[in-house]
Amino acid sequence: MMNMIILRKKMISKIINEFTTPFYLYDENVIEKKIQFLNNLDLNFSHKFYFAVKANPNLAILNTIKRHGFGAEVVSAGELFKALRSGFDPSNIIFDGPGKTEFDLKYAITQQIRSINIENLDEIDFINDYSISKGLVTNIGIRINPNIDGYTMEKITTGKTGGKFGLSLDQINFESFSKFKGVNLTTLSEHIGSQIIDHHQLIKSYKELISLADNLKKNNILIETLDFGGGFGVLDHSDKKMNFSEWEKDLNDALKKKSYKIIFEPGRFIVADSCELISKILYIKKSGDKNIIITDCSLSEYLRPALYNIEPPIEVSSNSKKQITYDIAGGICESTDYLLKDVTIPEVKKGEYIKFLNVGAYGSSMSSTYNSRPRPLEIMMNKNEYRVIRSRDTLEDLCKNEIM
Ligand SMILES: Cc1ncc(COP(=O)(O)O)c(C=O)c1O
């Protein structure tokens with residue numbers, strides 16, 4: 001074990017010496033461990049995990065996840081394209097999202113994916129008509145808004161009435177579905193939010209779907225699949241974790257004697273702690289009584305601190321005994337471009353490294369080229385080797401779709 005840790009450390013310092021910062025460094029073994037954890041849960045019902053591609057759509061990462069038997073959950077034609085490109089079979093892809101365009105829907109229909117989960121009633125007419133015009137029948141699901149609070153951050157809660165996600169029960173006339181010959185209603189879905197630690201809220205929302213499907217059965221409307229969404233939390237600064245053994249037990253109880261196929265859509269849980277964003281200190285300056293570090297990464301490479309006010313865990317390469325309180329900022333011309341404020345760490349110097357941890361989910365996937373910064377390199381290591389899985393944008397890439 002000790003040997004493994006030393007080898008890993010050696011590999012990381014080799015990588016840091018070889019590549020120019022900033023870059024995302026993934027550990028494939030961490031991803032595999034998270035997958036194994038979910039695959040080894042003792043769930044007594046038919047189920048499958050679908051990775052939420054939005055958490056990290058890198059082809060190499062998708063391919064790793066696919067090879068371990070997961071499906072893919074996508075929310076755009078782009079994600080569908082990437083899921084197919086990375087090797088997922090269409091029958092193992094589901095399409096969610098509150099704003100699917102006609103292009104998204106046509107693409108998903110012609111690929112005959114496992115299910116398109118609708119969140120607007122108008123989607124059904126379009127899917128039905130287009131499917132019939134192509135001689136197809138498309139499997140659909142309906143995303144229910146159960147009006148259940150995930151007890152998570154307000155900005156990432158999605159299961160409450162008044163929000164844009166899903167449909168509330170009083171809006172749906174299930175009897176009317178039989179008139180659509182181009183669609184087949186197979187699924188009820190939901191997703192009440194992200195970073196959920198309180199498994200009771202998840203179980204409560206699952207039970208809503210189960211009892212809805214049970215009630216529909218009494219009216220001869222047969223639902224084959226219940227899609228419970230994702231949301232398993234990976235908190236940045238707390239040892240609090242979701243209690244999977246209680247979740248598993250409560251869920252097994254709730255599904256006793258039921259024959260629904262169950263889908264889960266975890267994103268963050270699989271990849272969050274597999275990645276470090278490695279950056280270098282460009283400058284250190286004083287402003288009033290503040291000590292400010294300017295790094296070579298910014299909100300363009302890691303948006304979550306500016307968007308959600310999260311405070312990423314960090315590691316610094318300095319081993320100075322002197323502790324200093326800093327604000328850590330990026331170089332973007334935006335006053336929100338801070339990665340951390342008032343953090344006390346060993347005194348650092350220009351040219352040293354800062355690693356932002358837990359950046360694997362919604363890190364590179366939310367990155368942009370704002371301020372025309374080329375998107376960084378992505379590297380994946382495992383215990384034997386490392387390789388580039390996305391090259392850095394070139395300056396030409398920044399212009400490639402523009403016409404003068
Ligand atoms: C419908 C749906 N499923 C799954 C997920 C994945 O959530 P998480 O990454 O928290 O597991 C999301 C995230 O936004 C979502 O909207």
# chains A, B, ... in the order shown; residues from 1 in each chain; ligands from 1

$ residues_around --residues "Phe23 (chain A)" --least-positions-apart "3" --cutoff "9 Å" --atoms "only C-alpha atoms" --output "list in words"
Phe19, Thr20, Glu276, Leu277, Ile278, Ser279, Cys297, Glu301, Arg375, Pro376, Leu377, Glu378, Ile379 and Arg392 of chain A

$ closest_atom_pairs --of "chain A" --to "ligand 1" --cutoff "9 Å" --atoms "only C-alpha atoms and all ligand atoms" --output "Markdown table"
| residue | atom | partner | partner_atom_place_in_ligand_line | distance |
| --- | --- | --- | --- | --- |
| A:Tyr50 | CA | ligand 1 | 4 (C) | 8.5 |
| A:Phe51 | CA | ligand 1 | 6 (C) | 7.7 |
| A:Ala52 | CA | ligand 1 | 6 (C) | 5.0 |
| A:Val53 | CA | ligand 1 | 6 (C) | 8.0 |
| A:Lys54 | CA | ligand 1 | 13 (C) | 7.1 |
| A:Ala55 | CA | ligand 1 | 9 (O) | 5.6 |
| A:Glu73 | CA | ligand 1 | 3 (N) | 6.9 |
| A:Val74 | CA | ligand 1 | 3 (N) | 8.4 |
| A:Val75 | CA | ligand 1 | 1 (C) | 7.9 |
| A:Phe95 | CA | ligand 1 | 1 (C) | 8.6 |
| A:Asp96 | CA | ligand 1 | 1 (C) | 5.6 |
| A:Gly97 | CA | ligand 1 | 1 (C) | 6.4 |
| A:Pro98 | CA | ligand 1 | 1 (C) | 9.0 |
| A:Asn117 | CA | ligand 1 | 1 (C) | 9.0 |
| A:Arg143 | CA | ligand 1 | 1 (C) | 8.5 |
| A:Ile156 | CA | ligand 1 | 14 (O) | 7.5 |
| A:Thr157 | CA | ligand 1 | 14 (O) | 9.0 |
| A:Thr158 | CA | ligand 1 | 16 (O) | 7.7 |
| A:Phe165 | CA | ligand 1 | 16 (O) | 8.6 |
| A:Ser189 | CA | ligand 1 | 1 (C) | 8.4 |
| A:Glu190 | CA | ligand 1 | 1 (C) | 6.9 |
| A:His191 | CA | ligand 1 | 1 (C) | 5.3 |
| A:Ile192 | CA | ligand 1 | 15 (C) | 8.3 |
| A:Gly193 | CA | ligand 1 | 10 (O) | 6.3 |
| A:Ser194 | CA | ligand 1 | 10 (O) | 3.5 |
| A:Gln195 | CA | ligand 1 | 10 (O) | 5.5 |
| A:Ile196 | CA | ligand 1 | 10 (O) | 7.5 |
| A:Phe228 | CA | ligand 1 | 3 (N) | 8.3 |
| A:Gly229 | CA | ligand 1 | 3 (N) | 4.6 |
| A:Gly230 | CA | ligand 1 | 11 (O) | 3.9 |
| A:Gly231 | CA | ligand 1 | 10 (O) | 3.4 |
| A:Phe232 | CA | ligand 1 | 11 (O) | 5.4 |
| A:Gly233 | CA | ligand 1 | 10 (O) | 6.5 |
| A:Val234 | CA | ligand 1 | 10 (O) | 8.6 |
| A:Phe264 | CA | ligand 1 | 4 (C) | 7.9 |
| A:Glu265 | CA | ligand 1 | 4 (C) | 4.7 |
| A:Pro266 | CA | ligand 1 | 11 (O) | 3.7 |
| A:Gly267 | CA | ligand 1 | 9 (O) | 3.5 |
| A:Arg268 | CA | ligand 1 | 9 (O) | 3.7 |
| A:Phe269 | CA | ligand 1 | 11 (O) | 5.9 |
| A:Ile270 | CA | ligand 1 | 11 (O) | 8.0 |
| A:Val271 | CA | ligand 1 | 9 (O) | 8.8 |
| A:Ala272 | CA | ligand 1 | 9 (O) | 8.6 |
| A:Ala361 | CA | ligand 1 | 9 (O) | 7.1 |
| A:Tyr362 | CA | ligand 1 | 9 (O) | 8.0 |

$ atom_distance --atom1 "CA of Lys48 (chain A)" --atom2 "CA of Ser131 (chain A)"
26.2 Å

$ residues_around --residues "Tyr326 (chain A)" --least-positions-apart "5" --cutoff "10 Å" --atoms "only C-alpha atoms" --output "ChimeraX atom specification"
/A:284-286,290-293,340-348

$ residues_around --residues "Gln36 (chain A)" --least-positions-apart "3" --cutoff "12 Å" --atoms "only C-alpha atoms" --output "list of chain:residue names"
A:Asn29, A:Val30, A:Ile31, A:Glu32, A:Lys33, A:Asn39, A:Asn40, A:Leu41, A:Asp42, A:Phe49, A:Ile65, A:Arg67, A:His68, A:Gly69, A:Phe70, A:Phe269, A:Ile270

$ write_last_selection --atoms "N, CA and C atoms" --output "compact mmCIF listing (two decimals), in the first residue's frame"
# COMPACT_ATOMS: atom_id res chain seq x y z
N ASN A 29 -8.19 4.99 -11.49
CA ASN A 29 -8.47 4.00 -10.43
C ASN A 29 -9.51 4.51 -9.44
N VAL A 30 -9.53 5.82 -9.22
CA VAL A 30 -10.54 6.38 -8.31
C VAL A 30 -11.93 6.21 -8.94
N ILE A 31 -12.03 6.48 -10.23
CA ILE A 31 -13.31 6.31 -10.93
C ILE A 31 -13.76 4.86 -10.83
N GLU A 32 -12.80 3.95 -11.08
CA GLU A 32 -13.14 2.52 -11.05
C GLU A 32 -13.62 2.08 -9.67
N LYS A 33 -12.99 2.64 -8.63
CA LYS A 33 -13.40 2.27 -7.26
C LYS A 33 -14.83 2.72 -6.99
N ASN A 39 -21.56 -0.88 -8.05
CA ASN A 39 -21.88 -2.21 -8.60
C ASN A 39 -21.96 -3.29 -7.52
N ASN A 40 -21.26 -3.06 -6.39
CA ASN A 40 -21.27 -4.08 -5.33
C ASN A 40 -22.36 -3.87 -4.29
N LEU A 41 -23.18 -2.83 -4.45
CA LEU A 41 -24.27 -2.64 -3.49
C LEU A 41 -25.21 -3.84 -3.56
N ASP A 42 -25.82 -4.12 -2.42
CA ASP A 42 -26.66 -5.31 -2.36
C ASP A 42 -28.11 -4.91 -2.66
N PHE A 49 -27.09 1.45 -13.59
CA PHE A 49 -26.60 2.82 -13.38
C PHE A 49 -26.30 3.46 -14.74
N ILE A 65 -16.05 4.38 -18.02
CA ILE A 65 -17.31 4.11 -17.31
C ILE A 65 -18.15 3.09 -18.07
N ARG A 67 -17.07 0.76 -20.03
CA ARG A 67 -16.46 -0.58 -19.95
C ARG A 67 -16.82 -1.29 -18.64
N HIS A 68 -17.27 -0.52 -17.65
CA HIS A 68 -17.67 -1.14 -16.38
C HIS A 68 -19.17 -1.36 -16.29
N GLY A 69 -19.83 -1.35 -17.44
CA GLY A 69 -21.22 -1.79 -17.49
C GLY A 69 -22.27 -0.72 -17.25
N PHE A 70 -21.84 0.54 -17.16
CA PHE A 70 -22.82 1.60 -16.98
C PHE A 70 -23.46 1.99 -18.32
N PHE A 269 -20.93 11.60 -8.13
CA PHE A 269 -20.40 10.56 -7.24
C PHE A 269 -19.28 9.76 -7.93
N ILE A 270 -19.42 9.55 -9.23
CA ILE A 270 -18.46 8.70 -9.94
C ILE A 270 -17.12 9.42 -10.18

$ select_by_dssp --residues "region 250-386 of chain A" --states "strand (DSSP E)" --output "number ranges by chain"
A: 261-264, 275-287, 290-295, 314-316, 323-329, 338-346, 353-356, 377-381, 386

$ write_last_selection --atoms "N, CA and C atoms" --output "short mmCIF file (atom, residue, chain, number, x, y, z; two decimals), in the first residue's frame"
data_model
loop_
_atom_site.label_atom_id
_atom_site.label_comp_id
_atom_site.auth_asym_id
_atom_site.auth_seq_id
_atom_site.Cartn_x
_atom_site.Cartn_y
_atom_site.Cartn_z
N LYS A 261 -38.14 -2.15 -13.33
CA LYS A 261 -36.70 -2.01 -13.58
C LYS A 261 -36.29 -0.63 -13.07
N ILE A 262 -35.19 -0.58 -12.35
CA ILE A 262 -34.81 0.69 -11.72
C ILE A 262 -33.54 1.25 -12.38
N ILE A 263 -33.59 2.57 -12.60
CA ILE A 263 -32.43 3.27 -13.16
C ILE A 263 -31.96 4.33 -12.16
N PHE A 264 -30.63 4.45 -12.02
CA PHE A 264 -30.05 5.56 -11.26
C PHE A 264 -29.13 6.33 -12.21
N CYS A 275 -10.20 13.91 -9.69
CA CYS A 275 -9.43 14.89 -10.48
C CYS A 275 -8.91 16.05 -9.64
N GLU A 276 -7.68 16.42 -9.97
CA GLU A 276 -7.08 17.64 -9.39
C GLU A 276 -6.82 18.60 -10.53
N LEU A 277 -7.12 19.87 -10.29
CA LEU A 277 -6.76 20.90 -11.27
C LEU A 277 -5.44 21.50 -10.80
N ILE A 278 -4.40 21.29 -11.60
CA ILE A 278 -3.06 21.71 -11.17
C ILE A 278 -2.79 23.10 -11.75
N SER A 279 -2.47 24.03 -10.87
CA SER A 279 -2.21 25.39 -11.36
C SER A 279 -0.92 25.93 -10.74
N LYS A 280 -0.44 26.99 -11.33
CA LYS A 280 0.81 27.58 -10.86
C LYS A 280 0.53 29.00 -10.37
N ILE A 281 1.27 29.43 -9.38
CA ILE A 281 1.10 30.80 -8.89
C ILE A 281 1.84 31.75 -9.83
N LEU A 282 1.07 32.68 -10.42
CA LEU A 282 1.70 33.64 -11.35
C LEU A 282 2.27 34.83 -10.58
N TYR A 283 1.47 35.34 -9.65
CA TYR A 283 1.86 36.55 -8.91
C TYR A 283 1.31 36.48 -7.50
N ILE A 284 1.98 37.20 -6.61
CA ILE A 284 1.42 37.40 -5.27
C ILE A 284 1.47 38.91 -5.02
N LYS A 285 0.35 39.47 -4.65
CA LYS A 285 0.36 40.92 -4.43
C LYS A 285 -0.41 41.28 -3.16
N LYS A 286 -0.18 42.49 -2.69
CA LYS A 286 -0.89 43.04 -1.53
C LYS A 286 -1.95 43.99 -2.03
N SER A 287 -3.12 43.99 -1.40
CA SER A 287 -4.12 45.01 -1.71
C SER A 287 -4.77 45.36 -0.38
N LYS A 290 -5.04 42.71 2.37
CA LYS A 290 -5.22 41.39 1.75
C LYS A 290 -3.94 40.92 1.07
N ASN A 291 -3.67 39.61 1.19
CA ASN A 291 -2.60 38.99 0.40
C ASN A 291 -3.29 38.22 -0.72
N ILE A 292 -2.98 38.59 -1.95
CA ILE A 292 -3.71 37.98 -3.06
C ILE A 292 -2.77 37.16 -3.94
N ILE A 293 -3.19 35.90 -4.15
CA ILE A 293 -2.46 35.02 -5.07
C ILE A 293 -3.21 35.06 -6.39
N ILE A 294 -2.49 35.27 -7.47
CA ILE A 294 -3.11 35.15 -8.81
C ILE A 294 -2.56 33.87 -9.43
N THR A 295 -3.45 32.94 -9.75
CA THR A 295 -3.00 31.66 -10.31
C THR A 295 -3.23 31.67 -11.82
N ILE A 314 -7.84 22.53 -1.28
CA ILE A 314 -6.60 22.72 -2.06
C ILE A 314 -5.42 22.05 -1.37
N GLU A 315 -4.38 21.89 -2.16
CA GLU A 315 -3.07 21.49 -1.60
C GLU A 315 -2.03 22.41 -2.21
N VAL A 316 -1.08 22.83 -1.40
CA VAL A 316 -0.01 23.67 -1.94
C VAL A 316 1.31 22.91 -1.88
N GLN A 323 2.36 30.50 8.39
CA GLN A 323 0.99 30.44 7.86
C GLN A 323 0.54 31.86 7.47
N ILE A 324 -0.05 31.98 6.29
CA ILE A 324 -0.52 33.30 5.82
C ILE A 324 -1.95 33.14 5.32
N THR A 325 -2.75 34.17 5.49
CA THR A 325 -4.12 34.14 4.97
C THR A 325 -4.15 34.85 3.61
N TYR A 326 -4.65 34.11 2.62
CA TYR A 326 -4.67 34.64 1.24
C TYR A 326 -6.09 34.63 0.66
N ASP A 327 -6.29 35.45 -0.36
CA ASP A 327 -7.37 35.25 -1.32
C ASP A 327 -6.71 34.65 -2.56
N ILE A 328 -7.33 33.63 -3.14
CA ILE A 328 -6.74 33.02 -4.35
C ILE A 328 -7.65 33.35 -5.53
N ALA A 329 -7.09 34.06 -6.49
CA ALA A 329 -7.88 34.56 -7.62
C ALA A 329 -7.31 34.04 -8.93
N TYR A 338 -12.67 34.57 -8.16
CA TYR A 338 -11.88 34.10 -7.01
C TYR A 338 -12.15 32.62 -6.84
N LEU A 339 -11.12 31.85 -6.55
CA LEU A 339 -11.31 30.42 -6.30
C LEU A 339 -11.48 30.17 -4.80
N LEU A 340 -10.88 31.02 -3.99
CA LEU A 340 -11.00 30.89 -2.53
C LEU A 340 -10.73 32.26 -1.91
N LYS A 341 -11.40 32.52 -0.82
CA LYS A 341 -11.10 33.77 -0.10
C LYS A 341 -10.74 33.44 1.34
N ASP A 342 -9.84 34.22 1.89
CA ASP A 342 -9.46 34.10 3.32
C ASP A 342 -9.08 32.68 3.70
N VAL A 343 -8.20 32.10 2.93
CA VAL A 343 -7.75 30.75 3.25
C VAL A 343 -6.34 30.83 3.86
N THR A 344 -6.16 30.14 4.98
CA THR A 344 -4.86 30.19 5.65
C THR A 344 -4.06 28.94 5.31
N ILE A 345 -2.90 29.18 4.68
CA ILE A 345 -2.06 28.07 4.19
C ILE A 345 -0.58 28.43 4.43
N PRO A 346 0.33 27.47 4.27
CA PRO A 346 1.74 27.83 4.39
C PRO A 346 2.10 28.92 3.38
N TYR A 353 3.10 25.51 -6.93
CA TYR A 353 1.84 24.92 -7.44
C TYR A 353 0.72 24.99 -6.42
N ILE A 354 -0.49 25.14 -6.92
CA ILE A 354 -1.68 24.94 -6.08
C ILE A 354 -2.53 23.90 -6.79
N LYS A 355 -2.93 22.87 -6.03
CA LYS A 355 -3.83 21.85 -6.60
C LYS A 355 -5.23 22.10 -6.05
N PHE A 356 -6.21 22.21 -6.95
CA PHE A 356 -7.61 22.28 -6.53
C PHE A 356 -8.16 20.86 -6.62
N LEU A 377 -5.36 21.26 -20.92
CA LEU A 377 -5.05 19.85 -21.13
C LEU A 377 -5.77 19.01 -20.09
N GLU A 378 -6.13 17.76 -20.48
CA GLU A 378 -6.64 16.81 -19.49
C GLU A 378 -5.77 15.56 -19.58
N ILE A 379 -5.36 15.07 -18.43
CA ILE A 379 -4.46 13.90 -18.37
C ILE A 379 -5.10 12.86 -17.47
N MET A 380 -5.00 11.60 -17.88
CA MET A 380 -5.53 10.55 -17.00
C MET A 380 -4.39 9.60 -16.63
N MET A 381 -4.28 9.31 -15.34
CA MET A 381 -3.28 8.34 -14.89
C MET A 381 -4.00 7.15 -14.27
N TYR A 386 0.33 7.13 -17.56
CA TYR A 386 -0.51 8.31 -17.72
C TYR A 386 -0.55 8.68 -19.19
#

$ closest_residue --among "A:Lys349, A:Lys217, A:Lys100, A:Lys207" --to "Asn252 (chain A)" --atoms "only C-alpha atoms"
A:Lys207

$ residues_around --residues "Tyr308 (chain A)" --least-positions-apart "2" --cutoff "10 Å" --atoms "only C-alpha atoms" --output "PyMOL selection string"
chain A and resi 153-156+303-306+310-311

$ closest_residue --among "A:Ala254, A:Leu209, A:Leu357, A:Ile6" --to "Tyr302 (chain A)" --atoms "only C-alpha atoms"
A:Leu357

$ residues_around --residues "Gly141 (chain A)" --least-positions-apart "5" --cutoff "10 Å" --atoms "only C-alpha atoms" --output "PyMOL selection string"
chain A and resi 94-96+114-119+124+183-190+223-227

$ select_by_dssp --residues "region 204-401 of chain A" --states "alpha helix (DSSP H)" --output "PyMOL selection string"
chain A and resi 204-218+244-254+268-271+304-308

$ write_last_selection --atoms "C-alpha atoms" --output "JSON list (two decimals), in the first residue's frame"
[["chain", "number", "residue", "atom", "x", "y", "z"],
["A", 204, "LYS", "CA", -39.21, 9.71, -0.09],
["A", 205, "SER", "CA", -39.00, 10.79, -3.72],
["A", 206, "TYR", "CA", -38.50, 7.19, -4.93],
["A", 207, "LYS", "CA", -41.60, 6.12, -2.99],
["A", 208, "GLU", "CA", -43.64, 8.79, -4.77],
["A", 209, "LEU", "CA", -42.72, 7.24, -8.13],
["A", 210, "ILE", "CA", -43.37, 3.71, -6.90],
["A", 211, "SER", "CA", -46.84, 4.56, -5.63],
["A", 212, "LEU", "CA", -47.65, 6.50, -8.80],
["A", 213, "ALA", "CA", -46.67, 3.49, -10.93],
["A", 214, "ASP", "CA", -48.68, 1.18, -8.63],
["A", 215, "ASN", "CA", -51.75, 3.41, -9.01],
["A", 216, "LEU", "CA", -51.38, 3.57, -12.79],
["A", 217, "LYS", "CA", -51.27, -0.22, -12.88],
["A", 218, "LYS", "CA", -54.72, -0.31, -11.29],
["A", 244, "PHE", "CA", -25.56, 3.96, 1.48],
["A", 245, "SER", "CA", -26.24, 0.99, 3.76],
["A", 246, "GLU", "CA", -29.44, 2.61, 5.07],
["A", 247, "TRP", "CA", -30.34, 3.83, 1.58],
["A", 248, "GLU", "CA", -29.88, 0.31, 0.24],
["A", 249, "LYS", "CA", -31.96, -1.24, 3.04],
["A", 250, "ASP", "CA", -34.81, 1.30, 2.75],
["A", 251, "LEU", "CA", -34.83, 0.94, -1.00],
["A", 252, "ASN", "CA", -34.88, -2.86, -0.89],
["A", 253, "ASP", "CA", -37.87, -2.59, 1.48],
["A", 254, "ALA", "CA", -39.67, -0.10, -0.76],
["A", 268, "ARG", "CA", -20.79, 13.64, -9.47],
["A", 269, "PHE", "CA", -20.40, 10.56, -7.24],
["A", 270, "ILE", "CA", -18.46, 8.70, -9.94],
["A", 271, "VAL", "CA", -15.96, 11.37, -10.96],
["A", 304, "ARG", "CA", -18.13, 26.24, -9.41],
["A", 305, "PRO", "CA", -16.53, 28.60, -6.83],
["A", 306, "ALA", "CA", -17.86, 31.69, -8.67],
["A", 307, "LEU", "CA", -21.20, 30.08, -9.56],
["A", 308, "TYR", "CA", -22.09, 28.35, -6.30]]

$ atom_distance --atom1 "CA of Lys256 (chain A)" --atom2 "CA of Asn44 (chain A)"
8.1 Å
